[in-house]
$ cat model-v3.cif   # mmCIF, C-alpha atoms
data_run
loop_
_atom_site.group_PDB
_atom_site.id
_atom_site.type_symbol
_atom_site.label_atom_id
_atom_site.label_comp_id
_atom_site.auth_asym_id
_atom_site.auth_seq_id
_atom_site.Cartn_x
_atom_site.Cartn_y
_atom_site.Cartn_z
ATOM 1 C CA MET X 1 94.279 80.193 97.467
ATOM 2 C CA TYR X 2 92.441 82.632 99.716
ATOM 3 C CA ASN X 3 88.742 83.057 98.978
ATOM 4 C CA ILE X 4 87.539 86.631 99.538
ATOM 5 C CA LEU X 5 84.166 85.230 100.695
ATOM 6 C CA TYR X 6 85.740 83.712 103.844
ATOM 7 C CA PRO X 7 85.428 86.868 105.974
ATOM 8 C CA VAL X 8 81.850 87.362 104.748
ATOM 9 C CA ARG X 9 80.927 83.827 105.773
ATOM 10 C CA PHE X 10 82.627 84.327 109.123
ATOM 11 C CA ALA X 11 80.621 87.511 109.723
ATOM 12 C CA ILE X 12 77.309 85.758 108.909
ATOM 13 C CA ILE X 13 78.096 82.879 111.301
ATOM 14 C CA PHE X 14 79.143 85.340 113.997
ATOM 15 C CA LEU X 15 75.881 87.286 113.639
ATOM 16 C CA PHE X 16 73.866 84.055 113.903
ATOM 17 C CA ILE X 17 75.659 83.096 117.112
ATOM 18 C CA ILE X 18 75.206 86.442 118.857
ATOM 19 C CA HIS X 19 71.541 86.642 117.854
ATOM 20 C CA SER X 20 71.036 83.268 119.530
ATOM 21 C CA ALA X 21 72.538 84.517 122.806
ATOM 22 C CA PRO X 22 70.260 85.886 125.557
ATOM 23 C CA ALA X 23 70.423 89.613 126.279
ATOM 24 C CA THR X 24 71.272 90.866 129.769
ATOM 25 C CA GLU X 25 70.486 94.555 129.403
ATOM 26 C CA ASN X 26 69.239 96.671 132.218
ATOM 27 C CA GLU X 27 65.474 97.047 131.634
ATOM 28 C CA GLU X 28 65.327 100.484 133.234
ATOM 29 C CA LEU X 29 68.031 101.692 130.842
ATOM 30 C CA GLU X 30 65.998 100.345 127.908
ATOM 31 C CA GLU X 31 62.978 102.409 128.894
ATOM 32 C CA GLU X 32 65.040 105.612 128.987
ATOM 33 C CA MET X 33 66.616 105.137 125.565
ATOM 34 C CA GLU X 34 65.056 106.308 122.319
ATOM 35 C CA TYR X 35 65.102 103.782 119.491
ATOM 36 C CA GLY X 36 65.084 104.368 115.759
ATOM 37 C CA TRP X 37 67.188 106.030 113.061
ATOM 38 C CA GLU X 38 69.532 108.982 113.489
ATOM 39 C CA LYS X 39 70.679 110.397 110.138
ATOM 40 C CA GLN X 40 73.130 113.108 109.151
ATOM 41 C CA VAL X 41 74.534 114.212 105.785
ATOM 42 C CA VAL X 42 76.866 117.224 105.682
ATOM 43 C CA ALA X 43 78.394 118.730 102.533
ATOM 44 C CA SER X 44 81.062 121.431 102.473
ATOM 45 C CA LEU X 45 82.897 123.365 99.763
ATOM 46 C CA ASN X 46 86.185 125.188 100.332
ATOM 47 C CA LEU X 47 87.688 127.655 97.831
ATOM 48 C CA THR X 48 91.048 129.447 97.718
ATOM 49 C CA GLN X 49 92.070 132.005 95.076
ATOM 50 C CA ALA X 50 94.988 134.413 94.661
ATOM 51 C CA GLN X 51 95.789 136.621 91.667
ATOM 52 C CA PHE X 52 98.967 138.721 91.165
ATOM 53 C CA ASP X 53 99.660 141.475 88.617
ATOM 54 C CA ASN X 54 102.954 143.394 88.758
ATOM 55 C CA TRP X 55 103.356 142.319 92.368
ATOM 56 C CA THR X 56 106.976 143.189 93.180
ATOM 57 C CA GLN X 57 107.085 140.954 96.263
ATOM 58 C CA GLY X 58 106.528 137.879 94.110
ATOM 59 C CA GLY X 59 103.884 135.184 94.195
ATOM 60 C CA GLU X 60 102.084 132.596 92.088
ATOM 61 C CA ASN X 61 98.490 132.722 90.884
ATOM 62 C CA THR X 62 96.543 130.085 92.789
ATOM 63 C CA LEU X 63 93.125 128.493 92.492
ATOM 64 C CA ALA X 64 92.131 125.576 94.733
ATOM 65 C CA TRP X 65 88.868 123.900 95.688
ATOM 66 C CA GLN X 66 87.789 120.925 97.756
ATOM 67 C CA PHE X 67 84.385 119.258 98.188
ATOM 68 C CA ASN X 68 83.632 117.092 101.239
ATOM 69 C CA LEU X 69 80.637 114.853 101.898
ATOM 70 C CA ASN X 70 80.250 113.161 105.281
ATOM 71 C CA SER X 71 77.289 111.001 106.258
ATOM 72 C CA SER X 72 76.150 108.965 109.240
ATOM 73 C CA PHE X 73 73.183 106.595 109.540
ATOM 74 C CA THR X 74 72.654 104.951 112.929
ATOM 75 C CA ARG X 75 69.871 102.555 113.909
ATOM 76 C CA THR X 76 69.432 102.065 117.647
ATOM 77 C CA GLY X 77 67.357 99.090 118.796
ATOM 78 C CA GLN X 78 66.673 97.265 122.028
ATOM 79 C CA ARG X 79 69.086 94.465 121.171
ATOM 80 C CA PHE X 80 71.443 96.024 118.628
ATOM 81 C CA ASP X 81 73.100 99.165 117.257
ATOM 82 C CA TRP X 82 73.880 99.429 113.560
ATOM 83 C CA SER X 83 75.805 102.400 112.193
ATOM 84 C CA THR X 84 77.070 103.155 108.701
ATOM 85 C CA THR X 85 79.330 106.145 108.087
ATOM 86 C CA GLY X 86 80.761 107.588 104.906
ATOM 87 C CA LYS X 87 83.584 110.051 104.356
ATOM 88 C CA SER X 88 84.546 111.346 100.937
ATOM 89 C CA SER X 89 86.511 114.300 99.651
ATOM 90 C CA TYR X 90 87.884 115.496 96.338
ATOM 91 C CA GLY X 91 89.846 118.618 95.491
ATOM 92 C CA GLN X 92 92.159 120.160 92.922
ATOM 93 C CA ALA X 93 94.676 122.998 92.918
ATOM 94 C CA LYS X 94 96.256 125.065 90.155
ATOM 95 C CA ILE X 95 99.457 126.930 91.060
ATOM 96 C CA GLY X 96 101.105 129.173 88.481
ATOM 97 C CA ASP X 97 101.902 127.362 85.244
ATOM 98 C CA LEU X 98 102.065 123.893 86.774
ATOM 99 C CA GLY X 99 98.552 122.986 85.636
ATOM 100 C CA THR X 100 95.732 121.480 87.669
ATOM 101 C CA ARG X 101 96.707 118.757 90.116
ATOM 102 C CA LYS X 102 94.737 116.677 92.575
ATOM 103 C CA SER X 103 95.036 117.857 96.168
ATOM 104 C CA SER X 104 92.550 115.570 97.942
ATOM 105 C CA ASP X 105 90.902 112.267 97.008
ATOM 106 C CA GLU X 106 89.323 109.857 99.475
ATOM 107 C CA VAL X 107 86.402 107.430 99.731
ATOM 108 C CA GLN X 108 85.714 105.641 103.007
ATOM 109 C CA ILE X 109 82.618 103.629 103.984
ATOM 110 C CA GLU X 110 82.314 101.716 107.254
ATOM 111 C CA SER X 111 79.462 99.679 108.727
ATOM 112 C CA VAL X 112 79.439 98.407 112.334
ATOM 113 C CA TYR X 113 76.817 96.071 113.819
ATOM 114 C CA GLN X 114 76.841 95.714 117.595
ATOM 115 C CA TYR X 115 74.697 93.266 119.549
ATOM 116 C CA LYS X 116 73.842 94.338 123.076
ATOM 117 C CA VAL X 117 74.594 91.884 125.859
ATOM 118 C CA GLY X 118 75.786 94.420 128.460
ATOM 119 C CA ARG X 119 76.021 98.124 129.195
ATOM 120 C CA HIS X 120 79.694 98.624 128.281
ATOM 121 C CA ILE X 121 81.102 95.514 126.530
ATOM 122 C CA ASN X 122 79.313 94.028 123.519
ATOM 123 C CA PRO X 123 80.166 91.828 120.520
ATOM 124 C CA TYR X 124 80.368 93.422 117.071
ATOM 125 C CA VAL X 125 81.099 92.789 113.409
ATOM 126 C CA SER X 126 82.337 95.489 111.033
ATOM 127 C CA ALA X 127 83.342 96.065 107.426
ATOM 128 C CA LEU X 128 85.421 98.957 106.084
ATOM 129 C CA LEU X 129 86.093 99.965 102.464
ATOM 130 C CA GLN X 130 88.727 102.554 101.513
ATOM 131 C CA THR X 131 89.652 103.739 98.029
ATOM 132 C CA GLN X 132 89.719 106.918 95.882
ATOM 133 C CA PHE X 133 87.817 108.518 92.986
ATOM 134 C CA THR X 134 90.367 109.192 90.247
ATOM 135 C CA LYS X 135 93.912 108.478 89.103
ATOM 136 C CA GLY X 136 96.776 109.811 91.205
ATOM 137 C CA TYR X 137 100.181 110.855 89.847
ATOM 138 C CA ARG X 138 103.755 111.341 91.016
ATOM 139 C CA TYR X 139 105.303 114.339 89.275
ATOM 140 C CA THR X 140 108.851 114.946 88.086
ATOM 141 C CA GLU X 141 110.293 118.021 86.379
ATOM 142 C CA ASP X 142 109.478 116.715 82.914
ATOM 143 C CA ASP X 143 106.752 114.103 83.292
ATOM 144 C CA ARG X 144 104.185 112.453 85.543
ATOM 145 C CA PHE X 145 103.631 108.811 86.492
ATOM 146 C CA ALA X 146 100.359 107.189 87.568
ATOM 147 C CA VAL X 147 100.661 105.579 91.004
ATOM 148 C CA SER X 148 97.002 104.896 91.920
ATOM 149 C CA ASP X 149 93.423 104.901 90.599
ATOM 150 C CA PHE X 150 89.849 104.015 91.555
ATOM 151 C CA PHE X 151 89.929 100.609 93.320
ATOM 152 C CA ASP X 152 93.654 100.536 92.635
ATOM 153 C CA PRO X 153 94.226 100.122 95.475
ATOM 154 C CA ALA X 154 91.126 99.409 97.545
ATOM 155 C CA TYR X 155 91.328 98.203 101.137
ATOM 156 C CA VAL X 156 88.623 95.961 102.594
ATOM 157 C CA THR X 157 88.847 95.228 106.318
ATOM 158 C CA VAL X 158 86.414 92.829 107.997
ATOM 159 C CA SER X 159 86.526 92.415 111.767
ATOM 160 C CA ALA X 160 84.646 90.678 114.595
ATOM 161 C CA GLY X 161 85.241 91.019 118.306
ATOM 162 C CA PHE X 162 84.102 93.106 121.250
ATOM 163 C CA SER X 163 83.416 96.811 121.704
ATOM 164 C CA TYR X 164 83.878 98.858 124.865
ATOM 165 C CA GLN X 165 82.408 102.281 125.618
ATOM 166 C CA PRO X 166 83.815 103.702 128.895
ATOM 167 C CA ALA X 167 82.231 107.130 128.317
ATOM 168 C CA GLU X 168 79.672 108.729 126.019
ATOM 169 C CA PHE X 169 82.309 110.447 123.861
ATOM 170 C CA ILE X 170 84.662 107.492 123.352
ATOM 171 C CA LYS X 171 84.195 104.081 121.692
ATOM 172 C CA MET X 172 86.729 101.268 121.395
ATOM 173 C CA ARG X 173 86.759 98.005 119.452
ATOM 174 C CA LEU X 174 89.136 95.036 119.457
ATOM 175 C CA GLY X 175 88.770 91.935 117.333
ATOM 176 C CA ALA X 176 90.121 89.440 114.843
ATOM 177 C CA ALA X 177 90.310 90.832 111.325
ATOM 178 C CA THR X 178 91.245 90.283 107.710
ATOM 179 C CA LYS X 179 92.673 93.142 105.639
ATOM 180 C CA THR X 180 92.463 92.663 101.873
ATOM 181 C CA THR X 181 94.301 94.929 99.428
ATOM 182 C CA ILE X 182 92.837 94.920 95.905
ATOM 183 C CA THR X 183 94.734 96.318 92.898
ATOM 184 C CA ARG X 184 94.567 96.393 89.107
ATOM 185 C CA GLU X 185 97.446 98.153 87.338
ATOM 186 C CA HIS X 186 99.654 98.871 90.342
ATOM 187 C CA ALA X 187 99.930 95.382 91.791
ATOM 188 C CA VAL X 188 103.740 95.247 91.658
ATOM 189 C CA ALA X 189 104.092 98.119 94.129
ATOM 190 C CA LEU X 190 101.250 97.146 96.475
ATOM 191 C CA THR X 191 100.273 93.461 96.502
ATOM 192 C CA ASP X 192 102.764 91.380 94.525
ATOM 193 C CA ASP X 193 104.814 88.722 96.297
ATOM 194 C CA PRO X 194 107.982 88.050 94.222
ATOM 195 C CA ALA X 195 108.351 84.634 95.847
ATOM 196 C CA THR X 196 105.297 83.254 94.018
ATOM 197 C CA GLY X 197 106.689 83.847 90.528
ATOM 198 C CA LYS X 198 103.530 85.566 89.271
ATOM 199 C CA ILE X 199 101.971 88.995 89.735
ATOM 200 C CA GLU X 200 99.312 88.904 92.448
ATOM 201 C CA LYS X 201 96.625 91.593 92.416
ATOM 202 C CA ILE X 202 95.014 90.674 95.746
ATOM 203 C CA ASP X 203 96.797 90.394 99.078
ATOM 204 C CA THR X 204 95.096 89.340 102.324
ATOM 205 C CA GLU X 205 96.486 89.582 105.835
ATOM 206 C CA PHE X 206 94.995 87.991 108.949
ATOM 207 C CA GLY X 207 95.484 89.677 112.287
ATOM 208 C CA VAL X 208 94.036 91.864 115.022
ATOM 209 C CA LEU X 209 92.268 95.223 114.611
ATOM 210 C CA SER X 210 91.971 97.914 117.265
ATOM 211 C CA VAL X 211 89.759 100.962 116.715
ATOM 212 C CA THR X 212 89.411 103.959 119.029
ATOM 213 C CA GLU X 213 86.923 106.718 118.201
ATOM 214 C CA ILE X 214 86.502 110.051 120.012
ATOM 215 C CA ARG X 215 83.709 112.558 119.379
ATOM 216 C CA LYS X 216 83.985 115.345 121.932
ATOM 217 C CA PRO X 217 82.318 118.778 121.844
ATOM 218 C CA LEU X 218 84.856 121.266 123.234
ATOM 219 C CA ALA X 219 82.429 124.186 123.126
ATOM 220 C CA GLU X 220 78.967 124.927 121.775
ATOM 221 C CA ASN X 221 80.338 125.409 118.245
ATOM 222 C CA ILE X 222 83.607 123.416 118.394
ATOM 223 C CA LEU X 223 83.827 119.659 117.823
ATOM 224 C CA LEU X 224 86.815 117.311 118.049
ATOM 225 C CA THR X 225 86.629 113.962 116.257
ATOM 226 C CA SER X 226 89.471 111.478 116.142
ATOM 227 C CA LYS X 227 89.749 107.888 114.943
ATOM 228 C CA LEU X 228 92.763 105.628 115.439
ATOM 229 C CA ASP X 229 92.923 102.304 113.555
ATOM 230 C CA LEU X 230 95.686 99.823 114.377
ATOM 231 C CA PHE X 231 96.018 96.567 112.421
ATOM 232 C CA SER X 232 98.668 93.938 113.104
ATOM 233 C CA ASN X 233 99.240 90.660 111.298
ATOM 234 C CA LEU X 234 101.096 89.546 114.460
ATOM 235 C CA GLU X 235 104.385 89.020 112.625
ATOM 236 C CA SER X 236 106.280 91.891 114.271
ATOM 237 C CA PHE X 237 105.833 95.379 115.697
ATOM 238 C CA LYS X 238 107.017 96.782 112.353
ATOM 239 C CA LYS X 239 103.937 95.245 110.718
ATOM 240 C CA VAL X 240 101.431 97.403 112.633
ATOM 241 C CA ASP X 241 99.434 99.477 110.135
ATOM 242 C CA VAL X 242 98.354 102.859 111.524
ATOM 243 C CA ARG X 243 95.625 105.230 110.345
ATOM 244 C CA TRP X 244 94.984 108.200 112.650
ATOM 245 C CA ASP X 245 92.492 110.790 111.406
ATOM 246 C CA THR X 246 91.749 113.859 113.572
ATOM 247 C CA ILE X 247 89.452 116.774 112.748
ATOM 248 C CA LEU X 248 88.905 119.917 114.795
ATOM 249 C CA SER X 249 85.962 121.871 113.378
ATOM 250 C CA ALA X 250 84.313 125.120 114.448
ATOM 251 C CA LYS X 251 80.979 126.477 113.269
ATOM 252 C CA VAL X 252 81.396 130.209 112.557
ATOM 253 C CA THR X 253 77.850 130.735 111.297
ATOM 254 C CA ARG X 254 75.040 128.452 110.168
ATOM 255 C CA LEU X 255 76.677 128.040 106.731
ATOM 256 C CA VAL X 256 80.351 128.855 107.373
ATOM 257 C CA ASP X 257 82.807 126.668 109.245
ATOM 258 C CA VAL X 258 86.538 126.255 109.677
ATOM 259 C CA SER X 259 88.341 122.958 110.201
ATOM 260 C CA ILE X 260 91.797 121.506 110.714
ATOM 261 C CA ASN X 261 92.359 117.922 109.569
ATOM 262 C CA VAL X 262 95.511 115.937 110.354
ATOM 263 C CA GLU X 263 95.846 112.390 109.011
ATOM 264 C CA LEU X 264 98.770 110.096 109.800
ATOM 265 C CA LEU X 265 99.301 106.822 107.926
ATOM 266 C CA TYR X 266 101.846 104.051 108.253
ATOM 267 C CA ASP X 267 101.889 100.844 106.241
ATOM 268 C CA SER X 268 105.252 99.155 105.727
ATOM 269 C CA ASN X 269 103.933 97.426 102.587
ATOM 270 C CA ILE X 270 103.484 100.839 100.940
ATOM 271 C CA SER X 271 106.287 102.978 102.403
ATOM 272 C CA PRO X 272 108.967 102.447 105.073
ATOM 273 C CA LYS X 273 108.222 105.959 106.390
ATOM 274 C CA ARG X 274 105.082 107.409 107.921
ATOM 275 C CA GLN X 275 102.777 109.502 105.729
ATOM 276 C CA LEU X 276 101.277 112.776 106.965
ATOM 277 C CA LYS X 277 98.548 115.021 105.536
ATOM 278 C CA GLN X 278 97.342 118.342 106.995
ATOM 279 C CA LEU X 279 94.440 120.446 105.739
ATOM 280 C CA LEU X 280 93.219 123.832 106.946
ATOM 281 C CA ALA X 281 89.874 124.759 105.404
ATOM 282 C CA LEU X 282 87.425 127.648 105.626
ATOM 283 C CA GLY X 283 84.304 127.335 103.543
ATOM 284 C CA LEU X 284 80.590 126.725 103.167
ATOM 285 C CA SER X 285 78.932 123.839 104.969
ATOM 286 C CA TYR X 286 75.316 122.618 104.745
ATOM 287 C CA SER X 287 73.568 119.847 106.618
ATOM 288 C CA PHE X 288 70.877 117.999 104.624
ATOM 289 C CA LEU X 289 69.530 115.842 107.480
#

$ encode --input "model-v3.cif" --output "structure tokens"
Amino acid sequence: MYNILYPVRFAIIFLFIIHSAPATENEELEEEMEYGWEKQVVASLNLTQAQFDNWTQGGENTLAWQFNLNSSFTRTGQRFDWSTTGKSSYGQAKIGDLGTRKSSDEVQIESVYQYKVGRHINPYVSALLQTQFTKGYRYTEDDRFAVSDFFDPAYVTVSAGFSYQPAEFIKMRLGAATKTTITREHAVALTDDPATGKIEKIDTEFGVLSVTEIRKPLAENILLTSKLDLFSNLESFKKVDVRWDTILSAKVTRLVDVSINVELLYDSNISPKRQLKQLLALGLSYSFL
């Protein structure tokens, strides 16, 4: 039986090995760099409301809101970089007489530790947790059915390998990885293997993880961020899990911004078809740090 502590032990051993290795950094580059913490926490609230009374052209009363909280904590040192990022969002919408339904629900925390042995290519270890806040439903004409909940599922991905940064605005990582899916009530749809004869609530895949991150200012007040995660258990091309999250945001004023978010998902264990989510938001945004 797979022990969930295996990837943790592997990460600790990997960190011990790379800390024992000599650094080969350029000393002049070290003197130019600034070391220490860089912190950022940004909260935003988006609201949409429409009310109709004797409107002959038709329409449904609508009330929708979404709260986003994004954070980044990066420690830059002479021999290492350590960054932890968080992305969370939750929103609801009420359309006509359908009642209030969830429109957005996401929790994502990732930590990456990189040990510096060169200017462009360096070893790293990383851990990623993905889940949601509340129960999710699939609706029919007469009823609703729960399909997900907090930590049901949760995805834990641990990886170790090498990072490559060809330019300031792009970062790439490639390494060996384990992807663990954790469930509670919805194991049959997400983690169960019928061949074992019992319901399994935890499923772990071993494979290779590729991560490409882009953070590119397009203008003084326009920022493009994109992250592409590819995980393969090396069984076949159909087993490549894809998560591609792209955000184009523009700062209108100090407190008002507009953003377009497109997220593409593919996981053959969940659905044979790709999943796509698109959000257009205009609302209030405030940076705490």

$ closest_residue --input "model-v3.cif" --among "X:Asn61, X:Ser71, X:Thr131, X:Asn233" --to "Lys39 (chain X)" --atoms "all atoms listed in the file"
X:Ser71

$ residues_around --input "model-v3.cif" --residues "Val158 (chain X)" --least-positions-apart "4" --cutoff "10 Å" --atoms "all atoms listed in the file" --output "ChimeraX atom specification"
/X:7-8,10-11,110-112,125-129,175-180,206,209

$ resolve_selection --input "model-v3.cif" --expression "the PyMOL selection byres ((chain X and resi 248) around 8)" --output "PyMOL selection string"
chain X and resi 222-225+246-247+249-250+259-261

$ write_last_selection --input "model-v3.cif" --atoms "C-alpha atoms" --output "PDB file, in the frame of the given file"
ATOM      1  CA  ILE X 222      83.607 123.416 118.394  1.00  0.00           C
ATOM      2  CA  LEU X 223      83.827 119.659 117.823  1.00  0.00           C
ATOM      3  CA  LEU X 224      86.815 117.311 118.049  1.00  0.00           C
ATOM      4  CA  THR X 225      86.629 113.962 116.257  1.00  0.00           C
ATOM      5  CA  THR X 246      91.749 113.859 113.572  1.00  0.00           C
ATOM      6  CA  ILE X 247      89.452 116.774 112.748  1.00  0.00           C
ATOM      7  CA  SER X 249      85.962 121.871 113.378  1.00  0.00           C
ATOM      8  CA  ALA X 250      84.313 125.120 114.448  1.00  0.00           C
ATOM      9  CA  SER X 259      88.341 122.958 110.201  1.00  0.00           C
ATOM     10  CA  ILE X 260      91.797 121.506 110.714  1.00  0.00           C
ATOM     11  CA  ASN X 261      92.359 117.922 109.569  1.00  0.00           C
TER      12      ASN X 261
END

$ resolve_selection --input "model-v3.cif" --expression "the PyMOL selection byres ((chain X and resi 149) around 7)" --output "PyMOL selection string"
chain X and resi 132+134-136+148+150-153

$ atom_distance --input "model-v3.cif" --atom1 "CA of Leu45 (chain X)" --atom2 "CA of Phe67 (chain X)"
4.6 Å

$ atom_distance --input "model-v3.cif" --atom1 "CA of Asp81 (chain X)" --atom2 "CA of Tyr124 (chain X)"
9.3 Å

$ atom_distance --input "model-v3.cif" --atom1 "CA of Gln49 (chain X)" --atom2 "CA of Gln108 (chain X)"
28.3 Å

$ closest_residue --input "model-v3.cif" --among "X:Asn70, X:Thr157, X:Gln165, X:Thr62" --to "Ser285 (chain X)" --atoms "all atoms listed in the file"
X:Asn70

$ closest_residue --input "model-v3.cif" --among "X:Ile182, X:Val252, X:Leu98, X:Ile109" --to "Thr85 (chain X)" --atoms "all atoms listed in the file"
X:Ile109

$ resolve_selection --input "model-v3.cif" --expression "the PyMOL selection byres ((chain X and resi 185-196) around 7)" --output "VMD selection string"
chain X and resid 147 to 148 152 181 183 to 184 197 to 203 269 to 270

$ residues_around --input "model-v3.cif" --residues "Glu34 (chain X)" --least-positions-apart "5" --cutoff "10 Å" --atoms "all atoms listed in the file" --output "ChimeraX atom specification"
/X:76-78

$ residues_around --input "model-v3.cif" --residues "Lys227 (chain X)" --least-positions-apart "2" --cutoff "7 Å" --atoms "all atoms listed in the file" --output "ChimeraX atom specification"
/X:212-214,225,229,244-246
